[in-house]
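Next comes structure.pdb, a file with PDB, C-alpha atoms and all ligand atoms.
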ATOM      1  CA  MET B 177       0.000   0.000   0.000
ATOM      2  CA  TRP B 178       1.325   3.435  -1.038
ATOM      3  CA  CYS B 179       1.695   6.039   1.582
ATOM      4  CA  LEU B 180       2.501   9.706   1.858
ATOM      5  CA  GLY B 181       6.297  10.256   2.012
ATOM      6  CA  VAL B 182       8.354  13.059   3.448
ATOM      7  CA  GLY B 183       6.555  16.416   3.337
ATOM      8  CA  GLY B 184       3.279  14.789   2.322
ATOM      9  CA  ILE B 185       4.468  13.705  -1.208
ATOM     10  CA  ASP B 186       2.430  10.956  -2.845
ATOM     11  CA  MET B 187       5.214   8.415  -3.575
ATOM     12  CA  LYS B 188       3.171   6.525  -6.182
ATOM     13  CA  GLN B 189       2.495   9.671  -8.188
ATOM     14  CA  TYR B 190       6.125  10.718  -7.734
ATOM     15  CA  ILE B 191       7.460   7.479  -9.248
ATOM     16  CA  LEU B 192       4.865   7.550 -12.058
ATOM     17  CA  ASP B 193       5.965  11.094 -12.958
ATOM     18  CA  ILE B 194       9.612   9.942 -13.157
ATOM     19  CA  VAL B 195       8.652   6.986 -15.383
ATOM     20  CA  HIS B 196       6.543   9.259 -17.597
ATOM     21  CA  GLY B 197       9.425  11.763 -17.882
ATOM     22  CA  ILE B 198      11.915   9.035 -18.876
ATOM     23  CA  SER B 199       9.552   7.522 -21.457
ATOM     24  CA  SER B 200       8.874  10.991 -22.998
ATOM     25  CA  ILE B 201      12.608  11.631 -23.365
ATOM     26  CA  ALA B 202      13.105   8.156 -24.865
ATOM     27  CA  LYS B 203      10.308   8.762 -27.416
ATOM     28  CA  GLY B 204      11.795  12.131 -28.399
ATOM     29  CA  MET B 205      15.282  10.647 -28.733
ATOM     30  CA  TRP B 206      13.887   7.810 -30.866
ATOM     31  CA  VAL B 207      12.312  10.307 -33.295
ATOM     32  CA  THR B 208      15.629  12.183 -33.477
ATOM     33  CA  PHE B 209      17.541   8.917 -33.982
ATOM     34  CA  THR B 210      15.381   7.861 -36.935
ATOM     35  CA  TYR B 211      16.403  11.075 -38.760
ATOM     36  CA  LEU B 212      19.954   9.718 -38.955
ATOM     37  CA  PHE B 213      18.690   7.336 -41.645
ATOM     38  CA  LYS B 214      16.448   9.742 -43.606
ATOM     39  CA  PRO B 215      17.526  11.993 -46.505
ATOM     40  CA  HIS B 216      18.745  15.407 -45.311
ATOM     41  CA  ALA B 217      16.197  18.223 -45.565
ATOM     42  CA  THR B 218      18.811  20.968 -45.150
ATOM     43  CA  VAL B 219      22.146  21.811 -46.752
ATOM     44  CA  GLU B 220      25.258  23.405 -45.358
ATOM     45  CA  TYR B 221      24.894  26.855 -46.883
ATOM     46  CA  PRO B 222      27.026  28.670 -48.034
ATOM     47  CA  GLU B 223      29.449  25.753 -48.518
ATOM     48  CA  VAL B 224      26.896  24.058 -50.778
ATOM     49  CA  ASN B 225      25.845  25.877 -53.958
ATOM     50  CA  VAL B 226      22.080  26.120 -53.495
ATOM     51  CA  GLU B 227      21.433  27.992 -56.739
ATOM     52  CA  SER B 228      21.137  24.760 -58.697
ATOM     53  CA  MET B 229      18.519  23.561 -56.194
ATOM     54  CA  LEU B 230      16.180  26.506 -56.720
ATOM     55  CA  PRO B 231      12.883  25.805 -58.521
ATOM     56  CA  PRO B 232      12.865  26.654 -62.255
ATOM     57  CA  ARG B 233      10.530  29.647 -61.800
ATOM     58  CA  TYR B 234      12.380  31.048 -58.791
ATOM     59  CA  ARG B 235      12.098  34.853 -58.581
ATOM     60  CA  GLY B 236      15.376  36.337 -57.417
ATOM     61  CA  ILE B 237      16.789  39.863 -57.556
ATOM     62  CA  LEU B 238      15.597  41.814 -60.606
ATOM     63  CA  GLN B 239      17.801  42.637 -63.564
ATOM     64  CA  VAL B 240      17.091  45.126 -66.350
ATOM     65  CA  ASP B 241      18.604  44.810 -69.783
ATOM     66  CA  MET B 242      18.883  48.497 -70.670
ATOM     67  CA  ASP B 243      19.548  47.678 -74.327
ATOM     68  CA  LEU B 244      15.999  46.302 -74.494
ATOM     69  CA  CYS B 245      14.235  48.894 -72.349
ATOM     70  CA  ILE B 246      12.009  51.288 -74.320
ATOM     71  CA  SER B 247      11.072  53.285 -71.201
ATOM     72  CA  CYS B 248       7.367  52.527 -71.593
ATOM     73  CA  LEU B 249       6.963  52.718 -67.783
ATOM     74  CA  ALA B 250       4.732  49.609 -67.756
ATOM     75  CA  CYS B 251       6.848  48.024 -65.025
ATOM     76  CA  GLU B 252       6.863  51.196 -62.921
ATOM     77  CA  ARG B 253       3.073  51.428 -63.127
ATOM     78  CA  ALA B 254       2.586  47.721 -62.358
ATOM     79  CA  CYS B 255       4.649  47.747 -59.176
ATOM     80  CA  PRO B 256       2.216  47.784 -56.251
ATOM     81  CA  ILE B 257       4.690  49.339 -53.840
ATOM     82  CA  GLU B 258       6.334  51.869 -56.146
ATOM     83  CA  CYS B 259       9.869  50.657 -55.762
ATOM     84  CA  ILE B 260      10.730  51.299 -59.445
ATOM     85  CA  VAL B 261      11.655  54.868 -60.421
ATOM     86  CA  ILE B 262      12.240  55.749 -64.067
ATOM     87  CA  GLU B 263      13.048  59.178 -65.488
ATOM     88  CA  ASP B 264      13.408  59.638 -69.213
ATOM     89  CA  VAL B 265      13.573  62.064 -72.112
ATOM     90  CA  LYS B 266      11.969  62.072 -75.550
ATOM     91  CA  GLY B 267      14.294  61.453 -78.443
ATOM     92  CA  ASP B 268      14.404  60.403 -82.077
ATOM     93  CA  LYS B 269      12.735  57.083 -82.821
ATOM     94  CA  THR B 270      14.806  53.895 -82.861
ATOM     95  CA  PHE B 271      13.823  50.231 -82.658
ATOM     96  CA  VAL B 272      14.809  47.448 -80.321
ATOM     97  CA  THR B 273      14.146  43.781 -80.975
ATOM     98  CA  SER B 274      11.854  42.369 -78.315
ATOM     99  CA  LYS B 275      13.276  39.307 -76.609
ATOM    100  CA  LEU B 276       9.732  37.970 -76.313
ATOM    101  CA  THR B 277       8.373  38.433 -79.838
ATOM    102  CA  GLN B 278      11.631  38.869 -81.800
ATOM    103  CA  LYS B 279       9.902  41.820 -83.485
ATOM    104  CA  PRO B 280      11.182  45.407 -83.715
ATOM    105  CA  THR B 281       9.608  47.583 -81.025
ATOM    106  CA  PRO B 282       9.707  51.372 -81.434
ATOM    107  CA  LYS B 283      11.585  53.383 -78.848
ATOM    108  CA  VAL B 284      10.916  57.108 -78.513
ATOM    109  CA  LYS B 285      11.857  57.635 -74.880
ATOM    110  CA  TYR B 286      15.290  57.183 -73.378
ATOM    111  CA  PRO B 287      15.778  56.526 -69.671
ATOM    112  CA  LEU B 288      18.188  58.662 -67.688
ATOM    113  CA  ARG B 289      17.331  56.992 -64.431
ATOM    114  CA  PHE B 290      16.168  53.446 -63.735
ATOM    115  CA  ASP B 291      16.280  52.548 -60.055
ATOM    116  CA  ILE B 292      14.747  49.638 -58.181
ATOM    117  CA  ASP B 293      14.682  49.604 -54.408
ATOM    118  CA  ILE B 294      15.443  45.967 -53.783
ATOM    119  CA  ALA B 295      14.969  46.499 -50.038
ATOM    120  CA  LYS B 296      11.281  47.191 -50.681
ATOM    121  CA  CYS B 297      10.794  44.716 -53.536
ATOM    122  CA  MET B 298       8.633  41.723 -52.603
ATOM    123  CA  PHE B 299       9.608  39.697 -55.689
ATOM    124  CA  CYS B 300       5.995  39.422 -56.849
ATOM    125  CA  GLY B 301       6.926  39.555 -60.540
ATOM    126  CA  LEU B 302       4.128  41.996 -61.428
ATOM    127  CA  CYS B 303       6.622  44.327 -63.115
ATOM    128  CA  VAL B 304       7.948  41.541 -65.335
ATOM    129  CA  GLU B 305       4.597  40.528 -66.803
ATOM    130  CA  PRO B 306       3.744  43.724 -68.768
ATOM    131  CA  CYS B 307       7.247  44.422 -70.113
ATOM    132  CA  PRO B 308       6.849  44.355 -73.915
ATOM    133  CA  THR B 309      10.478  43.564 -74.666
ATOM    134  CA  GLY B 310      11.493  41.230 -71.834
ATOM    135  CA  ALA B 311      13.945  43.838 -70.554
ATOM    136  CA  ILE B 312      13.091  43.401 -66.871
ATOM    137  CA  HIS B 313      13.344  39.927 -65.455
ATOM    138  CA  HIS B 314      14.079  38.041 -62.284
ATOM    139  CA  THR B 315      17.459  36.440 -61.905
ATOM    140  CA  ARG B 316      18.190  33.481 -59.648
ATOM    141  CA  LYS B 317      20.322  35.697 -57.419
ATOM    142  CA  PHE B 318      19.106  35.859 -53.821
ATOM    143  CA  GLU B 319      22.178  37.043 -51.947
ATOM    144  CA  GLY B 320      22.123  40.811 -51.609
ATOM    145  CA  SER B 321      23.158  41.577 -48.061
ATOM    146  CA  VAL B 322      24.796  44.974 -47.543
ATOM    147  CA  THR B 323      25.760  47.010 -44.493
ATOM    148  CA  ASN B 324      23.928  50.134 -45.698
ATOM    149  CA  VAL B 325      20.288  49.783 -46.787
ATOM    150  CA  ALA B 326      20.761  52.608 -49.320
ATOM    151  CA  ASP B 327      23.039  50.248 -51.261
ATOM    152  CA  LEU B 328      19.980  48.119 -51.985
ATOM    153  CA  THR B 329      18.673  50.721 -54.406
ATOM    154  CA  TYR B 330      20.027  49.299 -57.627
ATOM    155  CA  SER B 331      20.663  51.657 -60.514
ATOM    156  CA  TYR B 332      20.625  50.041 -63.936
ATOM    157  CA  ILE B 333      21.562  53.097 -65.963
ATOM    158  CA  ARG B 334      24.979  53.047 -67.615
ATOM    159  CA  ASP B 335      27.007  55.910 -69.039
ATOM    160  CA  THR B 336      26.178  54.624 -72.509
ATOM    161  CA  ASP B 337      22.439  54.980 -71.805
ATOM    162  CA  ILE B 338      22.904  58.651 -70.942
ATOM    163  CA  GLU B 339      25.045  59.210 -74.038
ATOM    164  CA  LEU B 340      22.390  57.536 -76.201
ATOM    165  CA  ALA B 341      19.624  59.645 -74.623
ATOM    166  CA  GLU B 342      21.552  62.860 -75.269
ATOM    167  CA  LYS B 343      22.255  61.845 -78.860
ATOM    168  CA  GLN B 344      18.622  60.941 -79.591
ATOM    169  CA  VAL B 345      17.337  64.180 -78.017
ATOM    170  CA  GLU B 346      19.687  66.132 -80.247
ATOM    171  CA  LEU B 347      18.633  64.179 -83.342
ATOM    172  CA  LEU B 348      14.973  64.837 -82.580
ATOM    173  CA  ALA B 349      15.609  68.540 -82.030
ATOM    174  CA  ASN B 350      17.485  68.748 -85.373
ATOM    175  CA  LYS B 351      14.633  66.975 -87.144
ATOM    176  CA  LYS B 352      12.075  69.382 -85.723
ATOM    177  CA  GLU B 353      14.248  72.346 -86.682
ATOM    178  CA  LYS B 354      14.486  71.099 -90.266
ATOM    179  CA  GLU B 355      10.725  70.581 -90.438
ATOM    180  CA  GLN B 356      10.098  74.141 -89.275
ATOM    181  CA  ALA B 357      12.673  75.644 -91.649
TER     182      ALA B 357
HETATM  183  S1  LIG G   1       8.880  42.302 -58.197
HETATM  184 FE1  LIG G   1       6.980  43.269 -57.459
HETATM  185  S2  LIG G   1       7.613  44.553 -55.775
HETATM  186 FE2  LIG G   1       9.477  44.024 -56.906
HETATM  187  S3  LIG G   1       9.757  45.720 -58.328
HETATM  188 FE3  LIG G   1       8.588  44.158 -59.397
HETATM  189  S4  LIG G   1       6.439  44.699 -59.071
HETATM  190 FE4  LIG G   1       7.648  45.844 -57.580
HETATM  191  S1  LIG G   2       8.313  47.590 -68.865
HETATM  192 FE1  LIG G   2      10.223  46.912 -69.760
HETATM  193  S2  LIG G   2      10.527  48.290 -71.502
HETATM  194 FE2  LIG G   2       8.987  49.230 -70.204
HETATM  195  S3  LIG G   2      10.156  50.604 -68.844
HETATM  196 FE3  LIG G   2       9.970  48.647 -67.775
HETATM  197  S4  LIG G   2      11.808  47.493 -68.319
HETATM  198 FE4  LIG G   2      11.619  49.175 -69.748
END

Can you present the structure in this file as structure tokens?
Amino acid sequence: MWCLGVGGIDMKQYILDIVHGISSIAKGMWVTFTYLFKPHATVEYPEVNVESMLPPRYRGILQVDMDLCISCLACERACPIECIVIEDVKGDKTFVTSKLTQKPTPKVKYPLRFDIDIAKCMFCGLCVEPCPTGAIHHTRKFEGSVTNVADLTYSYIRDTDIELAEKQVELLANKKEKEQA
């Protein structure tokens, strides 16, 4: 017959609690042990190159091919959080070959600024969908850590884009002058 021990402790309950505690630990350890024989669900990043493991439609950091951009602003308008900023000028008409349709697409505006705030970007892909030339697209890049958040505003404009814009503005101005003469 069980009796109350020192300080009024129920010895039967006390021993049952110890047995229950040991069996709980054993069950937990068994579950952990079985994972030694299962395929690994994690990899040792960054030692392992995880890029090849990403799904085919993975949406990483955006890239803009400025040679294809016609500054139509469709991506800027589509972005729900306004993290794309484009400033452009009107210039003489040229054509770029769309990566999507392989057809010439007229270009009458020339970007002088094309910034994307990657810190704000939520990688939704809504800016990619309406692009008529395939200029803006997601890469598979996901590593973008910096020590200053301002460095996450990516500028895609190159010196050559500004030179082209200036040249096309001049050509357009000359054309207009000739028409008026
Ligand atoms: S992926 Fe989405 S949030 Fe990021 S720039 Fe494009 S539209 Fe904006
Ligand atoms: S939608 Fe495409 S072509 Fe139009 S401004 Fe954006 S990147 Fe350029």

Produce the centre coordinates and the three edge lengths, each in Å to one decimal, of the box along x, y and z that contains all listed atoms of ligand LIG 2 (chain G) with 5 Å added on each side, as JSON.
{"center_x": 10.1, "center_y": 48.8, "center_z": -69.6, "size_x": 13.5, "size_y": 13.7, "size_z": 13.7}

For the file shown, report as a CSV table (one decimal) with C-alpha atoms, in the coordinates of the input the outcome of the PyMOL selection byres (((not hetatm)) within 8 of (chain G and resi 2)) at residue level.
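Generated output (part.csv):
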chain,number,residue,atom,x,y,z
B,240,VAL,CA,17.1,45.1,-66.4
B,241,ASP,CA,18.6,44.8,-69.8
B,242,MET,CA,18.9,48.5,-70.7
B,244,LEU,CA,16.0,46.3,-74.5
B,245,CYS,CA,14.2,48.9,-72.3
B,246,ILE,CA,12.0,51.3,-74.3
B,247,SER,CA,11.1,53.3,-71.2
B,248,CYS,CA,7.4,52.5,-71.6
B,249,LEU,CA,7.0,52.7,-67.8
B,250,ALA,CA,4.7,49.6,-67.8
B,251,CYS,CA,6.8,48.0,-65.0
B,252,GLU,CA,6.9,51.2,-62.9
B,262,ILE,CA,12.2,55.7,-64.1
B,303,CYS,CA,6.6,44.3,-63.1
B,304,VAL,CA,7.9,41.5,-65.3
B,306,PRO,CA,3.7,43.7,-68.8
B,307,CYS,CA,7.2,44.4,-70.1
B,308,PRO,CA,6.8,44.4,-73.9
B,309,THR,CA,10.5,43.6,-74.7
B,310,GLY,CA,11.5,41.2,-71.8
B,311,ALA,CA,13.9,43.8,-70.6
B,312,ILE,CA,13.1,43.4,-66.9

Go through the chains and note each residue within 10 Å of ligand LIG 1 (chain G), using only C-alpha atoms and all ligand atoms, then give the set as a VMD selection string.
-> chain B and resid 235 to 238 251 to 261 291 to 305 312 to 314

The PyMOL selection byres (((chain B and resi 335-351) around 12) and not hetatm) on the file shown: which residues, as a PyMOL selection string?
-> chain B and resi 241-247+263-270+283-290+331-334+352-357

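If you measure from each of B:Ile198, B:Pro282, B:Glu319, B:Ile185 to Tyr221 (chain B) using all atoms listed in the file, the closest one turns out to be B:Glu319.
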
Quick one, how far is CA of Ser321 (chain B) from CA of Glu223 (chain B)?
-> 17.0 Å

Go ahead and compute the interatomic distance for CA of Lys317 (chain B) and CA of Arg233 (chain B), in Å to one decimal.
->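 Rounded to one decimal, the two atoms are 12.3 Å apart.
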
Could you check how far CA of Leu230 (chain B) sits from CA of Thr218 (chain B), in Å to one decimal?
->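 Going from CA of Leu230 (chain B) over to CA of Thr218 (chain B), I get 13.1 Å.
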
Shell around Thr281 (chain B) at 8 Å using only C-alpha atoms, local window under 6 positions removed, as a ChimeraX atom specification = /B:271-274,309

Final N, CA and C atoms of region 208-243 of chain B as an mmCIF file, keeping the file's coordinate frame:
data_model
loop_
_atom_site.group_PDB
_atom_site.id
_atom_site.type_symbol
_atom_site.label_atom_id
_atom_site.label_comp_id
_atom_site.auth_asym_id
_atom_site.auth_seq_id
_atom_site.Cartn_x
_atom_site.Cartn_y
_atom_site.Cartn_z
ATOM 1 N N THR B 208 14.386 11.547 -33.011
ATOM 2 C CA THR B 208 15.629 12.183 -33.477
ATOM 3 C C THR B 208 16.552 11.137 -34.109
ATOM 4 N N PHE B 209 16.654 9.985 -33.492
ATOM 5 C CA PHE B 209 17.541 8.917 -33.982
ATOM 6 C C PHE B 209 17.153 8.445 -35.388
ATOM 7 N N THR B 210 15.822 8.354 -35.616
ATOM 8 C CA THR B 210 15.381 7.861 -36.935
ATOM 9 C C THR B 210 15.805 8.810 -38.064
ATOM 10 N N TYR B 211 16.003 10.108 -37.729
ATOM 11 C CA TYR B 211 16.403 11.075 -38.760
ATOM 12 C C TYR B 211 17.827 10.851 -39.252
ATOM 13 N N LEU B 212 18.602 10.051 -38.499
ATOM 14 C CA LEU B 212 19.954 9.718 -38.955
ATOM 15 C C LEU B 212 19.905 8.915 -40.248
ATOM 16 N N PHE B 213 18.792 8.230 -40.485
ATOM 17 C CA PHE B 213 18.690 7.336 -41.645
ATOM 18 C C PHE B 213 17.763 7.874 -42.731
ATOM 19 N N LYS B 214 17.315 9.136 -42.588
ATOM 20 C CA LYS B 214 16.448 9.742 -43.606
ATOM 21 C C LYS B 214 17.251 10.728 -44.440
ATOM 22 N N PRO B 215 16.801 11.007 -45.682
ATOM 23 C CA PRO B 215 17.526 11.993 -46.505
ATOM 24 C C PRO B 215 17.530 13.359 -45.813
ATOM 25 N N HIS B 216 18.631 14.098 -45.963
ATOM 26 C CA HIS B 216 18.745 15.407 -45.311
ATOM 27 C C HIS B 216 17.774 16.413 -45.923
ATOM 28 N N ALA B 217 17.130 17.194 -45.080
ATOM 29 C CA ALA B 217 16.197 18.223 -45.565
ATOM 30 C C ALA B 217 16.886 19.583 -45.648
ATOM 31 N N THR B 218 18.088 19.683 -45.137
ATOM 32 C CA THR B 218 18.811 20.968 -45.150
ATOM 33 C C THR B 218 20.181 20.769 -45.789
ATOM 34 N N VAL B 219 20.795 21.881 -46.203
ATOM 35 C CA VAL B 219 22.146 21.811 -46.752
ATOM 36 C C VAL B 219 23.044 22.773 -45.981
ATOM 37 N N GLU B 220 24.338 22.546 -46.085
ATOM 38 C CA GLU B 220 25.258 23.405 -45.358
ATOM 39 C C GLU B 220 25.593 24.625 -46.206
ATOM 40 N N TYR B 221 24.692 25.609 -46.153
ATOM 41 C CA TYR B 221 24.894 26.855 -46.883
ATOM 42 C C TYR B 221 25.839 27.741 -46.067
ATOM 43 N N PRO B 222 26.807 28.462 -46.601
ATOM 44 C CA PRO B 222 27.026 28.670 -48.034
ATOM 45 C C PRO B 222 28.028 27.711 -48.678
ATOM 46 N N GLU B 223 28.480 26.688 -47.924
ATOM 47 C CA GLU B 223 29.449 25.753 -48.518
ATOM 48 C C GLU B 223 28.854 25.074 -49.751
ATOM 49 N N VAL B 224 27.565 24.733 -49.661
ATOM 50 C CA VAL B 224 26.896 24.058 -50.778
ATOM 51 C C VAL B 224 26.267 25.115 -51.690
ATOM 52 N N ASN B 225 26.445 24.955 -52.994
ATOM 53 C CA ASN B 225 25.845 25.877 -53.958
ATOM 54 C C ASN B 225 24.357 25.552 -54.096
ATOM 55 N N VAL B 226 23.522 26.419 -53.502
ATOM 56 C CA VAL B 226 22.080 26.120 -53.495
ATOM 57 C C VAL B 226 21.372 26.623 -54.748
ATOM 58 N N GLU B 227 22.085 27.400 -55.570
ATOM 59 C CA GLU B 227 21.433 27.992 -56.739
ATOM 60 C C GLU B 227 20.858 26.919 -57.663
ATOM 61 N N SER B 228 21.610 25.826 -57.803
ATOM 62 C CA SER B 228 21.137 24.760 -58.697
ATOM 63 C C SER B 228 19.930 24.034 -58.115
ATOM 64 N N MET B 229 19.656 24.244 -56.834
ATOM 65 C CA MET B 229 18.519 23.561 -56.194
ATOM 66 C C MET B 229 17.241 24.394 -56.238
ATOM 67 N N LEU B 230 17.354 25.629 -56.717
ATOM 68 C CA LEU B 230 16.180 26.506 -56.720
ATOM 69 C C LEU B 230 15.177 26.026 -57.776
ATOM 70 N N PRO B 231 13.882 26.222 -57.526
ATOM 71 C CA PRO B 231 12.883 25.805 -58.521
ATOM 72 C C PRO B 231 13.047 26.585 -59.825
ATOM 73 N N PRO B 232 12.631 26.006 -60.951
ATOM 74 C CA PRO B 232 12.865 26.654 -62.255
ATOM 75 C C PRO B 232 12.292 28.066 -62.342
ATOM 76 N N ARG B 233 11.159 28.316 -61.685
ATOM 77 C CA ARG B 233 10.530 29.647 -61.800
ATOM 78 C C ARG B 233 10.860 30.531 -60.601
ATOM 79 N N TYR B 234 11.983 30.265 -59.972
ATOM 80 C CA TYR B 234 12.380 31.048 -58.791
ATOM 81 C C TYR B 234 12.533 32.530 -59.164
ATOM 82 N N ARG B 235 12.006 33.419 -58.319
ATOM 83 C CA ARG B 235 12.098 34.853 -58.581
ATOM 84 C C ARG B 235 13.134 35.476 -57.651
ATOM 85 N N GLY B 236 14.308 35.711 -58.206
ATOM 86 C CA GLY B 236 15.376 36.337 -57.417
ATOM 87 C C GLY B 236 15.458 37.829 -57.716
ATOM 88 N N ILE B 237 16.600 38.415 -57.397
ATOM 89 C CA ILE B 237 16.789 39.863 -57.556
ATOM 90 C C ILE B 237 16.613 40.255 -59.030
ATOM 91 N N LEU B 238 15.922 41.371 -59.241
ATOM 92 C CA LEU B 238 15.597 41.814 -60.606
ATOM 93 C C LEU B 238 16.829 42.284 -61.373
ATOM 94 N N GLN B 239 16.775 42.108 -62.668
ATOM 95 C CA GLN B 239 17.801 42.637 -63.564
ATOM 96 C C GLN B 239 17.088 43.349 -64.713
ATOM 97 N N VAL B 240 17.685 44.407 -65.218
ATOM 98 C CA VAL B 240 17.091 45.126 -66.350
ATOM 99 C C VAL B 240 18.136 45.195 -67.468
ATOM 100 N N ASP B 241 17.736 44.710 -68.615
ATOM 101 C CA ASP B 241 18.604 44.810 -69.783
ATOM 102 C C ASP B 241 18.299 46.153 -70.440
ATOM 103 N N MET B 242 19.159 47.141 -70.201
ATOM 104 C CA MET B 242 18.883 48.497 -70.670
ATOM 105 C C MET B 242 18.891 48.592 -72.196
ATOM 106 N N ASP B 243 19.555 47.658 -72.859
ATOM 107 C CA ASP B 243 19.548 47.678 -74.327
ATOM 108 C C ASP B 243 18.151 47.347 -74.873
#
